[in-house]
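Notes to accompany the following structure.
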Amino acid sequence: MHYTQDGRKSTIGPTFQARNSFAMTDDLAGKTVLITGSSTGIGAAVARGFGAQRMRVAVHGNSNMEQAEQVAAEVRAAGGEAIVLQADVRDTAACGELVAAACKAFGRLDILVNNAGGLVQRSPIRDAPDELFDDILALNARSVFSCSRAALPFMESQGGGAIISTTSLAARNGGGGRSVLYAASKGFVSTFTRGLAKEVARFNIRVNAVAPGVIDKPNKSASTPAHQIDASLRMTPMRRQGTLEECVGAYLYLASGTLSSFVTGQVIEVNGGLLMP
Ligand code: NAD
């Protein structure tokens with residue numbers, strides 16, 4: 001029973017249960033999660049973080065399956081279960097098969113993390129061919145739609161779930177130099193998050209996103225020139241890039257029905273203060 005501050009019995013909604021205390025791990029252990037793009041970078045760090053919560057993790061890769069196997073081994077070493085799945089998320093049918101395979105392997109899907117994505121290629125808009133538009137939108141935007149759409153029937157029939165997508169600071173500021181299409185595709189992810197959250201709240205499905213700022217990763221200089229990173233850091237109150245591991249807490253929080261049960265349609269910014277929307 002829950003009581004209001006002045007001691008009266010509360011009529012708070014039927015699914016709410018007052019808790020006196022909770023541990024970080026108490027609702028995630030044993031839960032199932034599919035993380036797209038988890039063979040490297042932020043997705044791999046999130047997979048390891050979920051593994052440490054003793055979760056059952058579907059690690060997903062595409063062109064780098066050896067790294068996906070390595071991440072799965074790290075998930076197991078951290079205390080979780082892991083399977084490895086392959087798909088090109090630019091392909092809508094492959095997204096459907098990926099989600100179905102995770103559900104089949106685990107028997108249910110509690111959490112979907114739409115994380116696969118990337119800049120693809122920088123280009124001024126005046127020189128950008130249709131193929132580049134299609135590629136960037138298919139990778140960053142349509143994959144989030146396709147995987148989420150595939151997960152919804154499973155989550156509805158099992159009584160709920162959580163969808164967490166990786167958007168970007170670029171969704172709010174238009175991106176760094178010559179990355180307008182990437183930034184716009186992440187704008188889709190943020191807006192899709194809000195709209196879908198409203199649509200599926202009645203099925204006990206929460207939909208949120210994480211927006212990393214400038215996060216260090218192997219080969220970062222291949223996609224972002226050093227001068228551009230330096231310019232961002234000069235405007236970052238914390239005066240440094242974030243680490244992959246520093247992104248993980250936001251995903252754990254949004255996955256946990258204990259910690260974020262009343263949080264939906266939100267974008268959590270992980271950016272050292274670079275942008276404070
Ligand atoms: P990353 O390159 O290590 O991760 C991207 C992942 O997506 C890889 O594992 C890759 O295999 C996967 N992927 C790419 N194309 C794919 C395809 N066609 N099919 C299936 N999988 C594919 O880089 P990251 O920084 O860890 O990026 C993860 C997410 O974070 C991305 O959505 C990215 O846009 C976003 N993000 C990163 C930063 C940053 O500074 N690192 C900032 C904001 C947003």
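Identifiers in this document derive from the order of the structure tokens: chains are assigned A, B, ..., residues are numbered from 1 separately in each chain, and ligands are numbered from 1 in order of occurrence.
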
Margin query: Let me see if you get this right: every residue at most 6 Å from ligand 1, counting only C-alpha atoms and all ligand atoms, written as an MDAnalysis selection string.
Written below: chainID A and resid 37:43 61:62 87:90 115:118 139 166:168 212:216

Store the residues of this selection in a file with N, CA and C atoms, as a JSON list (two decimals), in the first residue's frame.
[["chain", "number", "residue", "atom", "x", "y", "z"],
["A", 37, "GLY", "N", 24.27, -3.55, -33.40],
["A", 37, "GLY", "CA", 25.58, -2.89, -33.46],
["A", 37, "GLY", "C", 26.36, -3.04, -32.18],
["A", 38, "SER", "N", 26.39, -4.26, -31.62],
["A", 38, "SER", "CA", 27.07, -4.44, -30.32],
["A", 38, "SER", "C", 28.38, -5.20, -30.45],
["A", 39, "SER", "N", 28.92, -5.30, -31.64],
["A", 39, "SER", "CA", 30.23, -5.95, -31.79],
["A", 39, "SER", "C", 31.36, -4.96, -31.50],
["A", 40, "THR", "N", 31.05, -3.67, -31.49],
["A", 40, "THR", "CA", 32.08, -2.64, -31.25],
["A", 40, "THR", "C", 31.48, -1.48, -30.46],
["A", 41, "GLY", "N", 32.35, -0.57, -30.03],
["A", 41, "GLY", "CA", 31.95, 0.74, -29.55],
["A", 41, "GLY", "C", 30.95, 0.77, -28.40],
["A", 42, "ILE", "N", 30.02, 1.70, -28.49],
["A", 42, "ILE", "CA", 29.04, 1.91, -27.43],
["A", 42, "ILE", "C", 28.20, 0.65, -27.23],
["A", 43, "GLY", "N", 27.78, 0.02, -28.33],
["A", 43, "GLY", "CA", 26.95, -1.19, -28.23],
["A", 43, "GLY", "C", 27.66, -2.30, -27.49],
["A", 61, "GLY", "N", 26.09, -8.38, -34.79],
["A", 61, "GLY", "CA", 27.13, -7.81, -35.65],
["A", 61, "GLY", "C", 26.73, -7.95, -37.10],
["A", 62, "ASN", "N", 27.54, -7.37, -37.95],
["A", 62, "ASN", "CA", 27.27, -7.50, -39.39],
["A", 62, "ASN", "C", 28.52, -7.94, -40.12],
["A", 87, "ALA", "N", 23.13, -9.55, -38.99],
["A", 87, "ALA", "CA", 22.17, -8.96, -39.94],
["A", 87, "ALA", "C", 22.69, -7.62, -40.42],
["A", 88, "ASP", "N", 22.34, -7.28, -41.65],
["A", 88, "ASP", "CA", 22.58, -5.92, -42.15],
["A", 88, "ASP", "C", 21.30, -5.13, -41.87],
["A", 89, "VAL", "N", 21.38, -4.19, -40.94],
["A", 89, "VAL", "CA", 20.15, -3.51, -40.50],
["A", 89, "VAL", "C", 19.62, -2.51, -41.55],
["A", 90, "ARG", "N", 20.36, -2.31, -42.64],
["A", 90, "ARG", "CA", 19.79, -1.48, -43.73],
["A", 90, "ARG", "C", 18.69, -2.23, -44.45],
["A", 115, "ASN", "N", 20.96, 0.41, -31.66],
["A", 115, "ASN", "CA", 22.21, 1.17, -31.53],
["A", 115, "ASN", "C", 23.03, 1.24, -32.81],
["A", 116, "ALA", "N", 22.85, 0.26, -33.71],
["A", 116, "ALA", "CA", 23.65, 0.25, -34.94],
["A", 116, "ALA", "C", 23.46, 1.58, -35.67],
["A", 117, "GLY", "N", 24.54, 2.12, -36.17],
["A", 117, "GLY", "CA", 24.43, 3.38, -36.90],
["A", 117, "GLY", "C", 25.80, 3.91, -37.22],
["A", 118, "GLY", "N", 25.80, 5.02, -37.90],
["A", 118, "GLY", "CA", 27.09, 5.63, -38.22],
["A", 118, "GLY", "C", 26.95, 6.74, -39.23],
["A", 139, "LEU", "N", 20.41, 3.12, -42.71],
["A", 139, "LEU", "CA", 21.21, 2.64, -41.57],
["A", 139, "LEU", "C", 20.72, 3.23, -40.25],
["A", 166, "THR", "N", 19.81, 4.63, -29.82],
["A", 166, "THR", "CA", 20.94, 5.55, -29.73],
["A", 166, "THR", "C", 20.75, 6.65, -30.76],
["A", 167, "THR", "N", 20.47, 7.85, -30.27],
["A", 167, "THR", "CA", 20.40, 8.99, -31.16],
["A", 167, "THR", "C", 21.73, 9.73, -31.06],
["A", 168, "SER", "N", 21.76, 11.02, -31.10],
["A", 168, "SER", "CA", 23.03, 11.75, -31.04],
["A", 168, "SER", "C", 22.77, 13.20, -30.69],
["A", 212, "PRO", "N", 24.49, 10.32, -27.16],
["A", 212, "PRO", "CA", 25.90, 10.59, -26.83],
["A", 212, "PRO", "C", 26.36, 11.89, -27.49],
["A", 213, "GLY", "N", 27.33, 12.54, -26.82],
["A", 213, "GLY", "CA", 27.98, 13.71, -27.42],
["A", 213, "GLY", "C", 29.22, 13.24, -28.14],
["A", 214, "VAL", "N", 30.37, 13.76, -27.76],
["A", 214, "VAL", "CA", 31.62, 13.34, -28.39],
["A", 214, "VAL", "C", 32.22, 12.22, -27.53],
["A", 215, "ILE", "N", 32.15, 11.01, -28.04],
["A", 215, "ILE", "CA", 32.58, 9.82, -27.30],
["A", 215, "ILE", "C", 33.78, 9.21, -28.00],
["A", 216, "ASP", "N", 34.83, 8.98, -27.24],
["A", 216, "ASP", "CA", 36.05, 8.42, -27.83],
["A", 216, "ASP", "C", 35.84, 6.95, -28.16]]

Check: Within 12 Å of Glu74 of chain A, counting only C-alpha atoms, which residues qualify if same-chain residues fewer than 6 places away don't, as a VMD selection string?
Finding: chain A and resid 38 to 39 44 to 52 54 57 59 67 to 68 80 to 83

Margin query: Taking 5 positions as the minimum chain separation for residues in the same chain, which residues sit within 6 Å of segment 97-112 of chain A when counting only C-alpha atoms? Answer as an NGL selection string.
Written below: :A and (32-34 or 161-163)

Keeping only N, CA, C and O atoms, write the selected residues to a file as a PDB file, in the first residue's frame.
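As a result, selection.pdb now contains:
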ATOM      1  N   THR A  32      15.950 -10.376 -21.020  1.00  0.00           N
ATOM      2  CA  THR A  32      16.554 -10.605 -22.334  1.00  0.00           C
ATOM      3  C   THR A  32      16.663  -9.282 -23.095  1.00  0.00           C
ATOM      4  O   THR A  32      15.768  -8.441 -23.035  1.00  0.00           O
ATOM      5  N   VAL A  33      17.757  -9.137 -23.823  1.00  0.00           N
ATOM      6  CA  VAL A  33      17.987  -7.891 -24.566  1.00  0.00           C
ATOM      7  C   VAL A  33      18.678  -8.190 -25.888  1.00  0.00           C
ATOM      8  O   VAL A  33      19.553  -9.042 -25.957  1.00  0.00           O
ATOM      9  N   LEU A  34      18.240  -7.508 -26.924  1.00  0.00           N
ATOM     10  CA  LEU A  34      18.941  -7.506 -28.215  1.00  0.00           C
ATOM     11  C   LEU A  34      19.531  -6.115 -28.407  1.00  0.00           C
ATOM     12  O   LEU A  34      18.813  -5.114 -28.301  1.00  0.00           O
ATOM     13  N   GLY A 161       7.657  -4.102 -22.267  1.00  0.00           N
ATOM     14  CA  GLY A 161       9.064  -4.141 -22.664  1.00  0.00           C
ATOM     15  C   GLY A 161       9.615  -2.725 -22.702  1.00  0.00           C
ATOM     16  O   GLY A 161       8.934  -1.760 -22.342  1.00  0.00           O
ATOM     17  N   ALA A 162      10.864  -2.635 -23.145  1.00  0.00           N
ATOM     18  CA  ALA A 162      11.498  -1.319 -23.258  1.00  0.00           C
ATOM     19  C   ALA A 162      12.300  -1.265 -24.551  1.00  0.00           C
ATOM     20  O   ALA A 162      13.000  -2.219 -24.900  1.00  0.00           O
ATOM     21  N   ILE A 163      12.158  -0.145 -25.250  1.00  0.00           N
ATOM     22  CA  ILE A 163      12.955   0.108 -26.454  1.00  0.00           C
ATOM     23  C   ILE A 163      13.831   1.318 -26.170  1.00  0.00           C
ATOM     24  O   ILE A 163      13.336   2.353 -25.690  1.00  0.00           O
TER      25      ILE A 163
END

Next item on the list: Can you list, as a ChimeraX atom specification, all residues belonging to segment 110-166 of chain A that DSSP tags as strand (DSSP E or B)?
Entry: /A:111-114,161-166

Output of the above residues as a compact mmCIF listing (two decimals), in the first residue's frame, restricted to N, CA, C and O atoms:
# COMPACT_ATOMS: atom_id res chain seq x y z
N ILE A 111 13.98 -6.20 -23.77
CA ILE A 111 14.55 -4.90 -24.12
C ILE A 111 15.18 -4.97 -25.52
O ILE A 111 15.90 -5.92 -25.83
N LEU A 112 14.89 -3.97 -26.33
CA LEU A 112 15.54 -3.81 -27.63
C LEU A 112 16.36 -2.53 -27.58
O LEU A 112 15.82 -1.47 -27.23
N VAL A 113 17.64 -2.64 -27.90
CA VAL A 113 18.48 -1.44 -28.02
C VAL A 113 18.83 -1.25 -29.49
O VAL A 113 19.55 -2.06 -30.08
N ASN A 114 18.26 -0.20 -30.09
CA ASN A 114 18.58 0.15 -31.48
C ASN A 114 19.81 1.03 -31.47
O ASN A 114 19.72 2.24 -31.25
N GLY A 161 7.66 -4.10 -22.27
CA GLY A 161 9.06 -4.14 -22.66
C GLY A 161 9.61 -2.73 -22.70
O GLY A 161 8.93 -1.76 -22.34
N ALA A 162 10.86 -2.63 -23.15
CA ALA A 162 11.50 -1.32 -23.26
C ALA A 162 12.30 -1.26 -24.55
O ALA A 162 13.00 -2.22 -24.90
N ILE A 163 12.16 -0.15 -25.25
CA ILE A 163 12.96 0.11 -26.45
C ILE A 163 13.83 1.32 -26.17
O ILE A 163 13.34 2.35 -25.69
N ILE A 164 15.12 1.17 -26.43
CA ILE A 164 16.07 2.26 -26.21
C ILE A 164 16.85 2.43 -27.51
O ILE A 164 17.44 1.47 -28.01
N SER A 165 16.85 3.64 -28.05
CA SER A 165 17.59 3.87 -29.30
C SER A 165 18.74 4.82 -29.05
O SER A 165 18.66 5.71 -28.20
N THR A 166 19.81 4.63 -29.82
CA THR A 166 20.94 5.55 -29.73
C THR A 166 20.75 6.65 -30.76
O THR A 166 20.80 6.40 -31.96

Margin query: Show me, as a list in words, the residues that have an atom within 12 Å of Asp135 of chain A when counting only C-alpha atoms, minus same-chain residues fewer than 3 positions from it.
Written below: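 The neighbour list is Asp88, Val89, Arg90, Asp91, Gly117, Gly118, Leu119, Val120, Gln121, Ala128, Pro129, Asp130, Glu131, Leu132, Ala138, Leu139, Asn140, Ala141, Arg142, Ser143, Leu181, Tyr182 and Ser185 of chain A.
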
Just the selected residues (C-alpha atoms), exported as a CSV table (one decimal), in the first residue's frame, please.
chain,number,residue,atom,x,y,z
A,88,ASP,CA,22.6,-5.9,-42.2
A,89,VAL,CA,20.1,-3.5,-40.5
A,90,ARG,CA,19.8,-1.5,-43.7
A,91,ASP,CA,17.6,-4.4,-44.9
A,117,GLY,CA,24.4,3.4,-36.9
A,118,GLY,CA,27.1,5.6,-38.2
A,119,LEU,CA,28.1,8.7,-40.2
A,120,VAL,CA,28.7,6.6,-43.4
A,121,GLN,CA,30.4,9.5,-45.3
A,128,ALA,CA,25.3,14.5,-51.9
A,129,PRO,CA,23.9,11.8,-54.3
A,130,ASP,CA,20.6,10.1,-53.7
A,131,GLU,CA,22.5,6.9,-52.9
A,132,LEU,CA,24.2,8.5,-49.9
A,138,ALA,CA,18.4,3.2,-44.1
A,139,LEU,CA,21.2,2.6,-41.6
A,140,ASN,CA,20.3,5.2,-38.9
A,141,ALA,CA,16.5,5.8,-39.3
A,142,ARG,CA,14.8,3.0,-41.1
A,143,SER,CA,16.6,0.3,-39.0
A,181,LEU,CA,22.2,13.8,-43.4
A,182,TYR,CA,23.5,11.8,-40.4
A,185,SER,CA,18.6,10.8,-39.5

Next item on the list: Work out how far atom CA of Asp127 of chain A is from atom CA of Ala184 of chain A, in Å to one decimal.
Entry: 16.4 Å

Notebook entry, point to check: Quick one: DSSP alpha helix (DSSP H) residues in segment 27-199 of chain A, as a PyMOL selection string?
Noted result: chain A and resi 41-52+65-77+92-106+130-137+143-158+170-173+180-199

Note to self: Just want the 10 Å neighbourhood of Arg194 of chain A, counted on only C-alpha atoms, with same-chain residues fewer than 2 positions away dropped. Output as a VMD selection string.
What the structure shows: chain A and resid 189 to 192 196 to 199 207 to 209 264 to 267

Next item on the list: Can you pull out every residue within 8 Å of Val180 of chain A, counting only C-alpha atoms, but drop anything in the same chain fewer than 4 positions away, and send it as number ranges by chain?
Entry: A: 124-125, 174-176, 184

Notebook entry, point to check: Nearest to Glu246 of chain A: which of A:Val270, A:Ser261, A:Gln53, A:Asp230 is it, counting only C-alpha atoms?
Noted result: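 Using only C-alpha atoms, the shortest distance to Glu246 of chain A belongs to A:Val270.
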
Item checked: Neighbour list for Asp27 of chain A as a list in words, cut-off 8 Å, only C-alpha atoms, skip fewer than 4 positions in-chain -> Lys31, Ser256, Gly257 and Thr258 of chain A

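One finds atom CA of Gly96 of chain A at 28.4 Å from atom CA of Ser179 of chain A.
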
Item checked: Best match for closeness to Gly177 of chain A among A:Gly272, A:Gly195, A:Gly249, A:Pro225, counting only C-alpha atoms -> A:Pro225

Checklist line | Length of the atom CA of Gln241 of chain A to atom CA of Leu28 of chain A vector [Å] | finding: 28.7 Å

Note to self: Measuring between only C-alpha atoms, which one of A:Val200, A:Val263, A:Arg172, A:His227 shows the shortest distance to Met276 of chain A?
What the structure shows: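 Smallest separation from Met276 of chain A among the options: A:Arg172.
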